[in-house]
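*Asks:* The structure file work.pdb (PDB, C-alpha atoms) is provided below.
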MODEL        1
ATOM      1  CA  MET A   1     270.361  37.308 194.714
ATOM      2  CA  LYS A   2     271.320  40.325 196.874
ATOM      3  CA  ALA A   3     268.455  39.562 199.240
ATOM      4  CA  LEU A   4     269.702  35.974 199.587
ATOM      5  CA  VAL A   5     273.272  37.100 200.317
ATOM      6  CA  PHE A   6     272.183  39.545 203.013
ATOM      7  CA  LEU A   7     269.831  36.985 204.561
ATOM      8  CA  VAL A   8     272.660  34.458 204.817
ATOM      9  CA  LEU A   9     274.989  37.105 206.254
ATOM     10  CA  SER A  10     272.423  38.141 208.851
ATOM     11  CA  VAL A  11     272.235  34.572 210.104
ATOM     12  CA  ALA A  12     275.989  33.969 209.852
ATOM     13  CA  LEU A  13     276.899  37.119 211.765
ATOM     14  CA  SER A  14     274.271  36.722 214.453
ATOM     15  CA  GLY A  15     276.909  35.562 216.938
ATOM     16  CA  VAL A  16     279.795  37.692 215.666
ATOM     17  CA  THR A  17     280.618  41.220 216.732
ATOM     18  CA  PRO A  18     282.213  43.006 213.759
ATOM     19  CA  ALA A  19     284.985  45.473 214.535
ATOM     20  CA  GLN A  20     284.044  49.099 213.995
ATOM     21  CA  THR A  21     286.247  49.663 211.001
ATOM     22  CA  THR A  22     285.604  52.060 208.144
ATOM     23  CA  GLY A  23     285.422  51.061 204.515
ATOM     24  CA  ASP A  24     288.465  53.225 203.748
ATOM     25  CA  ARG A  25     290.548  51.426 206.371
ATOM     26  CA  ILE A  26     289.425  47.969 205.280
ATOM     27  CA  SER A  27     290.374  48.751 201.681
ATOM     28  CA  LEU A  28     294.006  49.093 202.837
ATOM     29  CA  TYR A  29     294.054  45.333 203.420
ATOM     30  CA  PHE A  30     293.322  44.528 199.769
ATOM     31  CA  GLY A  31     295.768  44.272 196.876
ATOM     32  CA  ASP A  32     295.310  43.596 193.167
ATOM     33  CA  TRP A  33     298.159  42.953 190.744
ATOM     34  CA  HIS A  34     296.140  44.471 187.896
ATOM     35  CA  THR A  35     296.627  47.940 189.405
ATOM     36  CA  ALA A  36     300.342  47.586 190.237
ATOM     37  CA  ALA A  37     303.232  48.933 188.195
ATOM     38  CA  PRO A  38     305.473  46.207 186.713
ATOM     39  CA  HIS A  39     309.179  45.789 187.391
ATOM     40  CA  THR A  40     311.634  43.220 186.041
ATOM     41  CA  ILE A  41     313.644  40.695 188.057
ATOM     42  CA  HIS A  42     315.951  37.818 187.104
ATOM     43  CA  GLY A  43     316.518  39.434 183.715
ATOM     44  CA  SER A  44     313.104  38.865 182.128
ATOM     45  CA  LEU A  45     310.486  38.038 184.780
ATOM     46  CA  GLU A  46     307.907  40.832 185.015
ATOM     47  CA  GLU A  47     306.574  41.166 188.535
ATOM     48  CA  ARG A  48     303.618  43.143 189.947
ATOM     49  CA  GLU A  49     303.084  43.644 193.667
ATOM     50  CA  ILE A  50     299.960  42.384 195.427
ATOM     51  CA  LEU A  51     300.896  42.770 199.123
ATOM     52  CA  SER A  52     304.106  43.945 200.778
ATOM     53  CA  ARG A  53     305.854  44.596 204.105
ATOM     54  CA  GLY A  54     304.175  47.018 206.469
ATOM     55  CA  ASP A  55     301.944  47.116 209.532
ATOM     56  CA  GLY A  56     299.177  44.528 209.778
ATOM     57  CA  LEU A  57     297.204  46.565 212.289
ATOM     58  CA  ASN A  58     297.756  50.063 210.902
ATOM     59  CA  PRO A  59     298.915  49.996 207.262
ATOM     60  CA  THR A  60     300.087  53.348 205.920
ATOM     61  CA  ARG A  61     299.266  52.489 202.308
ATOM     62  CA  ALA A  62     297.165  49.930 200.491
ATOM     63  CA  GLY A  63     298.644  46.433 200.677
ATOM     64  CA  ALA A  64     301.515  47.293 203.054
ATOM     65  CA  VAL A  65     300.532  44.746 205.696
ATOM     66  CA  PHE A  66     303.090  41.956 206.085
ATOM     67  CA  ARG A  67     304.928  41.588 209.377
ATOM     68  CA  PHE A  68     306.463  38.148 208.711
ATOM     69  CA  ILE A  69     306.224  37.393 204.982
ATOM     70  CA  ASN A  70     308.519  39.388 202.683
ATOM     71  CA  SER A  71     306.252  39.919 199.694
ATOM     72  CA  TYR A  72     303.439  38.586 197.536
ATOM     73  CA  SER A  73     303.331  39.264 193.798
ATOM     74  CA  TYR A  74     302.158  38.160 190.364
ATOM     75  CA  ALA A  75     304.831  37.371 187.803
ATOM     76  CA  THR A  76     304.760  36.761 184.051
ATOM     77  CA  LEU A  77     307.417  35.417 181.697
ATOM     78  CA  ALA A  78     306.970  36.145 178.000
ATOM     79  CA  SER A  79     306.551  33.245 175.595
ATOM     80  CA  GLY A  80     309.955  31.797 174.714
ATOM     81  CA  ALA A  81     311.780  33.767 177.425
ATOM     82  CA  SER A  82     313.992  32.398 180.185
ATOM     83  CA  THR A  83     315.124  33.943 183.439
ATOM     84  CA  GLN A  84     318.754  34.394 184.343
ATOM     85  CA  PRO A  85     320.059  31.826 186.840
ATOM     86  CA  ALA A  86     319.183  33.029 190.327
ATOM     87  CA  ARG A  87     319.672  31.884 193.904
ATOM     88  CA  LEU A  88     317.569  32.840 196.938
ATOM     89  CA  ASP A  89     319.645  33.935 199.935
ATOM     90  CA  GLY A  90     317.944  33.857 203.338
ATOM     91  CA  GLN A  91     314.558  33.451 201.700
ATOM     92  CA  GLN A  92     312.388  30.962 199.813
ATOM     93  CA  GLU A  93     309.656  31.303 197.214
ATOM     94  CA  ILE A  94     306.433  29.473 196.468
ATOM     95  CA  TYR A  95     305.132  29.653 192.885
ATOM     96  CA  PHE A  96     301.561  28.822 191.935
ATOM     97  CA  VAL A  97     301.016  28.747 188.177
ATOM     98  CA  GLU A  98     297.860  30.447 186.953
ATOM     99  CA  SER A  99     298.293  30.053 183.190
ATOM    100  CA  GLY A 100     300.745  29.296 180.416
ATOM    101  CA  GLN A 101     303.317  26.551 180.107
ATOM    102  CA  GLY A 102     306.991  26.287 180.940
ATOM    103  CA  THR A 103     309.694  24.562 182.910
ATOM    104  CA  VAL A 104     311.627  25.176 186.101
ATOM    105  CA  THR A 105     315.141  23.807 186.508
ATOM    106  CA  ALA A 106     317.017  23.630 189.816
ATOM    107  CA  GLY A 107     319.771  21.392 191.158
ATOM    108  CA  GLY A 108     319.782  19.202 188.049
ATOM    109  CA  GLN A 109     316.020  18.650 188.274
ATOM    110  CA  THR A 110     313.539  19.963 185.673
ATOM    111  CA  ALA A 111     309.762  20.064 186.127
ATOM    112  CA  GLU A 112     306.945  21.017 183.784
ATOM    113  CA  LEU A 113     304.897  24.087 184.664
ATOM    114  CA  TYR A 114     301.215  24.519 183.789
ATOM    115  CA  ARG A 115     298.006  25.638 185.460
ATOM    116  CA  ASN A 116     297.757  24.695 189.167
ATOM    117  CA  ILE A 117     301.346  23.509 189.538
ATOM    118  CA  ALA A 118     302.900  24.655 192.822
ATOM    119  CA  VAL A 119     306.653  24.867 193.431
ATOM    120  CA  LEU A 120     308.534  25.370 196.690
ATOM    121  CA  MET A 121     311.925  26.827 195.741
ATOM    122  CA  PRO A 122     314.295  26.514 198.710
ATOM    123  CA  ALA A 123     317.043  28.896 199.673
ATOM    124  CA  ASN A 124     320.568  28.462 198.250
ATOM    125  CA  LEU A 125     319.535  26.492 195.150
ATOM    126  CA  GLU A 126     320.265  27.985 191.709
ATOM    127  CA  PHE A 127     317.232  27.893 189.420
ATOM    128  CA  THR A 128     315.859  29.139 186.106
ATOM    129  CA  LEU A 129     312.354  29.501 184.699
ATOM    130  CA  LYS A 130     311.421  29.137 181.037
ATOM    131  CA  SER A 131     308.168  29.925 179.226
ATOM    132  CA  THR A 132     307.473  27.389 176.470
ATOM    133  CA  GLY A 133     303.837  28.033 175.524
ATOM    134  CA  ASP A 134     302.152  30.392 173.086
ATOM    135  CA  VAL A 135     301.106  32.730 175.891
ATOM    136  CA  PRO A 136     303.135  34.103 178.836
ATOM    137  CA  LEU A 137     303.777  31.889 181.822
ATOM    138  CA  ALA A 138     301.910  33.543 184.725
ATOM    139  CA  MET A 139     302.173  32.691 188.411
ATOM    140  CA  TYR A 140     301.629  33.939 191.941
ATOM    141  CA  VAL A 141     304.845  34.308 193.951
ATOM    142  CA  ILE A 142     305.068  34.193 197.752
ATOM    143  CA  ASN A 143     308.458  35.176 199.202
ATOM    144  CA  GLU A 144     309.128  34.080 202.774
ATOM    145  CA  PRO A 145     312.177  34.665 204.989
ATOM    146  CA  ILE A 146     313.818  31.688 206.660
ATOM    147  CA  PRO A 147     314.647  31.742 210.382
ATOM    148  CA  ALA A 148     318.194  31.627 211.685
ATOM    149  CA  GLY A 149     319.401  28.044 211.850
ATOM    150  CA  PHE A 150     316.700  26.766 209.497
ATOM    151  CA  ARG A 151     317.781  23.964 207.148
ATOM    152  CA  PRO A 152     316.261  24.435 203.666
ATOM    153  CA  ASN A 153     315.343  21.529 201.412
ATOM    154  CA  ALA A 154     318.131  20.216 199.205
ATOM    155  CA  ASN A 155     315.817  20.117 196.168
ATOM    156  CA  MET A 156     312.796  22.024 194.902
ATOM    157  CA  LEU A 157     309.442  20.484 195.700
ATOM    158  CA  VAL A 158     306.731  20.350 193.008
ATOM    159  CA  ARG A 159     303.046  19.599 193.579
ATOM    160  CA  ASP A 160     300.284  19.238 190.981
ATOM    161  CA  GLU A 161     297.150  20.664 192.595
ATOM    162  CA  ASN A 162     295.090  18.980 189.879
ATOM    163  CA  THR A 163     295.923  15.588 191.435
ATOM    164  CA  VAL A 164     296.121  16.565 195.131
ATOM    165  CA  PRO A 165     293.257  14.894 197.013
ATOM    166  CA  ILE A 166     290.681  16.996 198.847
ATOM    167  CA  SER A 167     291.511  17.039 202.561
ATOM    168  CA  SER A 168     288.220  18.528 203.727
ATOM    169  CA  SER A 169     284.947  19.629 202.155
ATOM    170  CA  ASN A 170     283.264  21.197 205.179
ATOM    171  CA  GLY A 171     285.889  23.306 206.914
ATOM    172  CA  PHE A 172     284.339  26.561 208.158
ATOM    173  CA  TRP A 173     281.034  25.226 206.801
ATOM    174  CA  ALA A 174     281.876  25.056 203.102
ATOM    175  CA  HIS A 175     285.638  25.150 202.352
ATOM    176  CA  ILE A 176     286.771  22.474 199.895
ATOM    177  CA  ALA A 177     290.479  22.379 200.715
ATOM    178  CA  LYS A 178     293.518  20.950 198.943
ATOM    179  CA  PRO A 179     296.806  21.308 200.878
ATOM    180  CA  LEU A 180     299.846  22.176 198.756
ATOM    181  CA  PHE A 181     302.618  22.728 201.301
ATOM    182  CA  VAL A 182     302.869  22.550 205.103
ATOM    183  CA  THR A 183     305.690  23.011 207.605
ATOM    184  CA  ALA A 184     306.935  19.445 207.194
ATOM    185  CA  ASP A 185     307.417  20.047 203.445
ATOM    186  CA  GLY A 186     310.099  22.646 204.130
ATOM    187  CA  LEU A 187     308.312  25.961 204.624
ATOM    188  CA  GLY A 188     310.450  28.423 206.551
ATOM    189  CA  THR A 189     307.978  30.972 207.930
ATOM    190  CA  LEU A 190     304.630  29.950 206.488
ATOM    191  CA  GLU A 191     302.786  26.946 207.884
ATOM    192  CA  SER A 192     300.138  26.368 205.250
ATOM    193  CA  VAL A 193     299.631  26.915 201.522
ATOM    194  CA  VAL A 194     296.229  25.626 200.371
ATOM    195  CA  THR A 195     293.667  26.037 197.622
ATOM    196  CA  VAL A 196     290.085  26.505 198.791
ATOM    197  CA  THR A 197     287.034  26.133 196.563
ATOM    198  CA  LEU A 198     283.476  27.250 197.272
ATOM    199  CA  ASP A 199     280.570  25.600 195.506
ATOM    200  CA  PRO A 200     277.806  27.809 194.046
ATOM    201  CA  LEU A 201     275.710  29.712 196.602
ATOM    202  CA  THR A 202     277.906  28.798 199.566
ATOM    203  CA  ILE A 203     279.618  30.847 202.258
ATOM    204  CA  GLY A 204     282.454  30.139 204.659
ATOM    205  CA  LYS A 205     281.831  30.668 208.362
ATOM    206  CA  PRO A 206     282.683  34.274 209.342
ATOM    207  CA  HIS A 207     285.396  34.267 212.017
ATOM    208  CA  PRO A 208     288.146  36.488 213.406
ATOM    209  CA  ALA A 209     291.783  35.405 213.693
ATOM    210  CA  PRO A 210     291.930  31.724 214.753
ATOM    211  CA  ASN A 211     294.263  32.340 217.719
ATOM    212  CA  GLU A 212     293.933  34.314 220.909
ATOM    213  CA  ASP A 213     297.473  35.573 220.348
ATOM    214  CA  THR A 214     296.852  37.455 217.121
ATOM    215  CA  SER A 215     300.359  38.935 217.115
ATOM    216  CA  ASP A 216     301.533  35.728 215.425
ATOM    217  CA  ILE A 217     298.912  35.564 212.658
ATOM    218  CA  GLU A 218     299.562  36.217 208.960
ATOM    219  CA  GLU A 219     296.749  35.087 206.644
ATOM    220  CA  VAL A 220     295.984  35.887 202.977
ATOM    221  CA  TRP A 221     293.123  34.972 200.615
ATOM    222  CA  THR A 222     293.504  35.389 196.838
ATOM    223  CA  ALA A 223     290.715  34.947 194.295
ATOM    224  CA  LEU A 224     291.942  32.644 191.507
ATOM    225  CA  TYR A 225     288.759  32.347 189.478
ATOM    226  CA  GLY A 226     285.078  33.063 189.852
ATOM    227  CA  ASN A 227     283.716  36.408 191.007
ATOM    228  CA  SER A 228     283.200  36.225 194.752
ATOM    229  CA  LEU A 229     282.449  38.453 197.708
ATOM    230  CA  ALA A 230     284.864  39.026 200.578
ATOM    231  CA  LEU A 231     283.354  39.893 203.944
ATOM    232  CA  VAL A 232     285.909  41.786 206.065
ATOM    233  CA  GLY A 233     284.589  43.388 209.230
ATOM    234  CA  ASN A 234     281.253  44.967 208.372
ATOM    235  CA  GLN A 235     282.116  45.496 204.707
ATOM    236  CA  LEU A 236     281.384  43.407 201.612
ATOM    237  CA  HIS A 237     283.945  43.735 198.796
ATOM    238  CA  GLU A 238     283.620  42.247 195.349
ATOM    239  CA  GLN A 239     286.719  40.083 194.945
ATOM    240  CA  THR A 240     287.663  39.487 191.333
ATOM    241  CA  PRO A 241     290.452  37.115 190.182
ATOM    242  CA  GLY A 242     293.876  38.546 191.012
ATOM    243  CA  MET A 243     292.646  40.372 194.116
ATOM    244  CA  ALA A 244     293.863  39.342 197.568
ATOM    245  CA  TYR A 245     293.112  40.452 201.096
ATOM    246  CA  TYR A 246     295.007  40.185 204.365
ATOM    247  CA  HIS A 247     292.977  39.172 207.382
ATOM    248  CA  ILE A 248     293.185  41.928 210.023
ATOM    249  CA  PRO A 249     294.944  40.242 213.006
ATOM    250  CA  ASP A 250     293.087  42.013 215.837
ATOM    251  CA  ASN A 251     290.960  39.086 217.077
ATOM    252  CA  LEU A 252     287.906  41.272 216.431
ATOM    253  CA  THR A 253     287.420  41.639 212.691
ATOM    254  CA  PRO A 254     285.576  38.694 211.114
ATOM    255  CA  HIS A 255     286.220  37.601 207.563
ATOM    256  CA  THR A 256     284.936  35.038 205.101
ATOM    257  CA  ASN A 257     284.356  34.415 201.414
ATOM    258  CA  ILE A 258     281.032  34.060 199.611
ATOM    259  CA  ASN A 259     280.236  32.544 196.231
ATOM    260  CA  PRO A 260     277.002  34.217 195.023
ATOM    261  CA  SER A 261     277.006  32.390 191.677
ATOM    262  CA  ARG A 262     274.221  29.904 190.968
ATOM    263  CA  GLU A 263     276.349  27.882 188.537
ATOM    264  CA  SER A 264     280.113  28.261 188.972
ATOM    265  CA  GLN A 265     282.614  27.455 191.697
ATOM    266  CA  ALA A 266     284.934  30.110 193.153
ATOM    267  CA  LYS A 267     288.526  29.182 193.924
ATOM    268  CA  PHE A 268     291.098  30.813 196.209
ATOM    269  CA  LEU A 269     294.794  30.512 197.040
ATOM    270  CA  TYR A 270     295.266  30.687 200.808
ATOM    271  CA  PHE A 271     298.486  30.916 202.791
ATOM    272  CA  ALA A 272     299.117  31.528 206.458
ATOM    273  CA  ARG A 273     301.472  31.650 209.414
ATOM    274  CA  TYR A 274     299.962  31.027 212.844
ATOM    275  CA  ARG A 275     302.856  31.015 215.318
ATOM    276  CA  PRO A 276     306.645  31.352 215.528
ATOM    277  CA  HIS A 277     308.317  28.699 213.405
ATOM    278  CA  GLU A 278     310.249  25.908 215.037
ATOM    279  CA  THR A 279     313.704  25.693 213.488
ATOM    280  CA  ARG A 280     314.305  22.555 211.456
ATOM    281  CA  LYS A 281     317.878  21.344 211.971
TER
ENDMDL
END
Would you mind writing the structure in this file as structure tokens?

*Replies:*
Amino acid sequence: MKALVFLVLSVALSGVTPAQTTGDRISLYFGDWHTAAPHTIHGSLEEREILSRGDGLNPTRAGAVFRFINSYSYATLASGASTQPARLDGQQEIYFVESGQGTVTAGGQTAELYRNIAVLMPANLEFTLKSTGDVPLAMYVINEPIPAGFRPNANMLVRDENTVPISSSNGFWAHIAKPLFVTADGLGTLESVVTVTLDPLTIGKPHPAPNEDTSDIEEVWTALYGNSLALVGNQLHEQTPGMAYYHIPDNLTPHTNINPSRESQAKFLYFARYRPHETRK
């Protein structure tokens, strides 16, 4: 299996010049909620940091990379617990449910929460979360700022990834993509929130940042299930579920994901910003 992986990588990287980055530096672009200390928000929601604000080119600590997004975390709500009513001011959140069951209520609307449900919670709308299953409700949480003059949605937006059609099955060679939210759906800073699946023994095309102007790029890959390999620069990192990496925005460092399994798919949560956001009025 290792021989196969390295053979594929040799071919894939034949036209790519990896940046000369050390393994220690590349590790600063990875985050894993399993290793983060918990803290409580909204009364009863336990949150663990994955990635945070920092310097995308020269992070001073592991995971401190965001220049545009506020934060990225993993949150759990104990069975039977509810959050205190909360309202997001100058920011929005995207929730992607990993496990458990529950409900979210906002603006007189209530939606069921279960695995692969995605929620865009707009600014200025009071909301509560409730865990109704036998196990904690667990979700990934992306917090984005909204630009000055931006008009948030009047209601929360809920998508069931289980029923979202596949938009592409061959992007970057092998990405099976399902779009959850795009700019037109009411994102404030982000432009794309997508799930990407890799079939067994497949690899995405290694590539650096997709824009010549890398100062605008913010791109994150999170392993949801399946043990995969992340290629960042000239380093291979085992990427287990709950681990995310931030693509180095230097227009030099290639990245991709590899599924070395012979039997099982690997699935990722991807989100990105590519350019300054046009204000929606």

*Asks:* Do you have the atom CA of A:Thr256-atom CA of A:Leu231 distance handy?

*Replies:*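 Calculated distance between atom CA of A:Thr256 and atom CA of A:Leu231 is 5.2 Å.
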
*Asks:* For a test of reading the model, state the distance in Å between atom CA of A:Tyr29 and atom CA of A:Arg262, rounded to one decimal.

*Replies:*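 Atom-to-atom, atom CA of A:Tyr29 and atom CA of A:Arg262 are spaced 28.0 Å apart.
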
*Asks:* Name the closest residue to A:Gly233 among the candidates A:His255, A:Arg25, A:Arg53, A:Arg87; distances are taken between atoms, counting only C-alpha atoms.

*Replies:*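 Once distances to A:Gly233 are computed over only C-alpha atoms, the minimum belongs to A:His255.
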
*Asks:* Given the file above and the PyMOL selection byres ((chain A and resi 134) around 10), which residues are selected, and can you give them as a ChimeraX atom specification?

*Replies:* /A:78-80,100-101,131-133,135-137

*Asks:* Kindly export the residues of the current selection with C-alpha atoms, as a compact mmCIF listing (two decimals), in the coordinates of the input.

*Replies:*
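Here's the written file part.txt:
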# COMPACT_ATOMS: atom_id res chain seq x y z
CA ALA A 78 306.97 36.15 178.00
CA SER A 79 306.55 33.24 175.60
CA GLY A 80 309.96 31.80 174.71
CA GLY A 100 300.74 29.30 180.42
CA GLN A 101 303.32 26.55 180.11
CA SER A 131 308.17 29.92 179.23
CA THR A 132 307.47 27.39 176.47
CA GLY A 133 303.84 28.03 175.52
CA VAL A 135 301.11 32.73 175.89
CA PRO A 136 303.14 34.10 178.84
CA LEU A 137 303.78 31.89 181.82

*Asks:* Write out as a ChimeraX atom specification each polymer residue whose atoms come within 10 Å of A:Asp89, counting all atoms listed in the file; drop sequence neighbours fewer than 6 positions from it.

*Replies:* /A:122-125,145-146

*Asks:* With the cut-off set at 12 Å and counting only C-alpha atoms, tabulate each residue of stretch 34-133 of chain A with an atom at most that distance from an atom of stretch 165-186 of chain A, showing the nearest atom pair and its distance in Å to one decimal, ordered by chain and increasing number, as CSV.

*Replies:*
residue,atom,partner,partner_atom,distance
A:Gln91,CA,A:Gly186,CA,11.9
A:Gln92,CA,A:Gly186,CA,9.6
A:Glu93,CA,A:Gly186,CA,11.1
A:Ile94,CA,A:Phe181,CA,9.1
A:Tyr95,CA,A:Leu180,CA,10.9
A:Phe96,CA,A:Leu180,CA,9.7
A:Asn116,CA,A:Leu180,CA,10.1
A:Ile117,CA,A:Leu180,CA,9.4
A:Ala118,CA,A:Leu180,CA,7.1
A:Val119,CA,A:Leu180,CA,9.1
A:Leu120,CA,A:Phe181,CA,8.0
A:Met121,CA,A:Gly186,CA,9.5
A:Pro122,CA,A:Gly186,CA,7.9
A:Ala123,CA,A:Gly186,CA,10.4

*Asks:* Mind pulling up the distance from atom CA of A:Phe271 to atom CA of A:Phe66?

*Replies:*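 Computing the Euclidean distance for atom CA of A:Phe66 and atom CA of A:Phe271 yields 12.4 Å.
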
*Asks:* List the residues selected by the PyMOL selection byres ((chain A and resi 58) around 12) in the file shown, writing them as a CSV table (one decimal) with C-alpha atoms, keeping the file's coordinate frame.

*Replies:*
chain,number,residue,atom,x,y,z
A,21,THR,CA,286.2,49.7,211.0
A,25,ARG,CA,290.5,51.4,206.4
A,26,ILE,CA,289.4,48.0,205.3
A,27,SER,CA,290.4,48.8,201.7
A,28,LEU,CA,294.0,49.1,202.8
A,29,TYR,CA,294.1,45.3,203.4
A,53,ARG,CA,305.9,44.6,204.1
A,54,GLY,CA,304.2,47.0,206.5
A,55,ASP,CA,301.9,47.1,209.5
A,56,GLY,CA,299.2,44.5,209.8
A,57,LEU,CA,297.2,46.6,212.3
A,59,PRO,CA,298.9,50.0,207.3
A,60,THR,CA,300.1,53.3,205.9
A,61,ARG,CA,299.3,52.5,202.3
A,62,ALA,CA,297.2,49.9,200.5
A,63,GLY,CA,298.6,46.4,200.7
A,64,ALA,CA,301.5,47.3,203.1
A,65,VAL,CA,300.5,44.7,205.7
A,66,PHE,CA,303.1,42.0,206.1
A,67,ARG,CA,304.9,41.6,209.4
A,248,ILE,CA,293.2,41.9,210.0
A,249,PRO,CA,294.9,40.2,213.0
A,250,ASP,CA,293.1,42.0,215.8

*Asks:* Name the residues, using the chain letters and numbers of the file, that sit within 8 Å of (294.7, 30.4, 198.6) when counting all atoms listed in the file, and give them as a tab-separated table (two decimals) with C-alpha atoms, in the frame of the given file.

*Replies:*
chain	number	residue	atom	x	y	z
A	193	VAL	CA	299.63	26.92	201.52
A	194	VAL	CA	296.23	25.63	200.37
A	195	THR	CA	293.67	26.04	197.62
A	196	VAL	CA	290.08	26.50	198.79
A	220	VAL	CA	295.98	35.89	202.98
A	221	TRP	CA	293.12	34.97	200.62
A	222	THR	CA	293.50	35.39	196.84
A	223	ALA	CA	290.71	34.95	194.30
A	224	LEU	CA	291.94	32.64	191.51
A	267	LYS	CA	288.53	29.18	193.92
A	268	PHE	CA	291.10	30.81	196.21
A	269	LEU	CA	294.79	30.51	197.04
A	270	TYR	CA	295.27	30.69	200.81
A	271	PHE	CA	298.49	30.92	202.79

*Asks:* I need the residue set behind the PyMOL selection byres ((chain A and resi 128) around 12) for this file; please write it as a ChimeraX atom specification.

*Replies:* /A:41-45,77,81-88,102-111,121,125-127,129-131,156

*Asks:* Point out the residue among A:Ala230, A:Leu157, A:Leu113, A:Val164 with the least atom-to-atom distance to A:His247, counting only C-alpha atoms.

*Replies:* A:Ala230
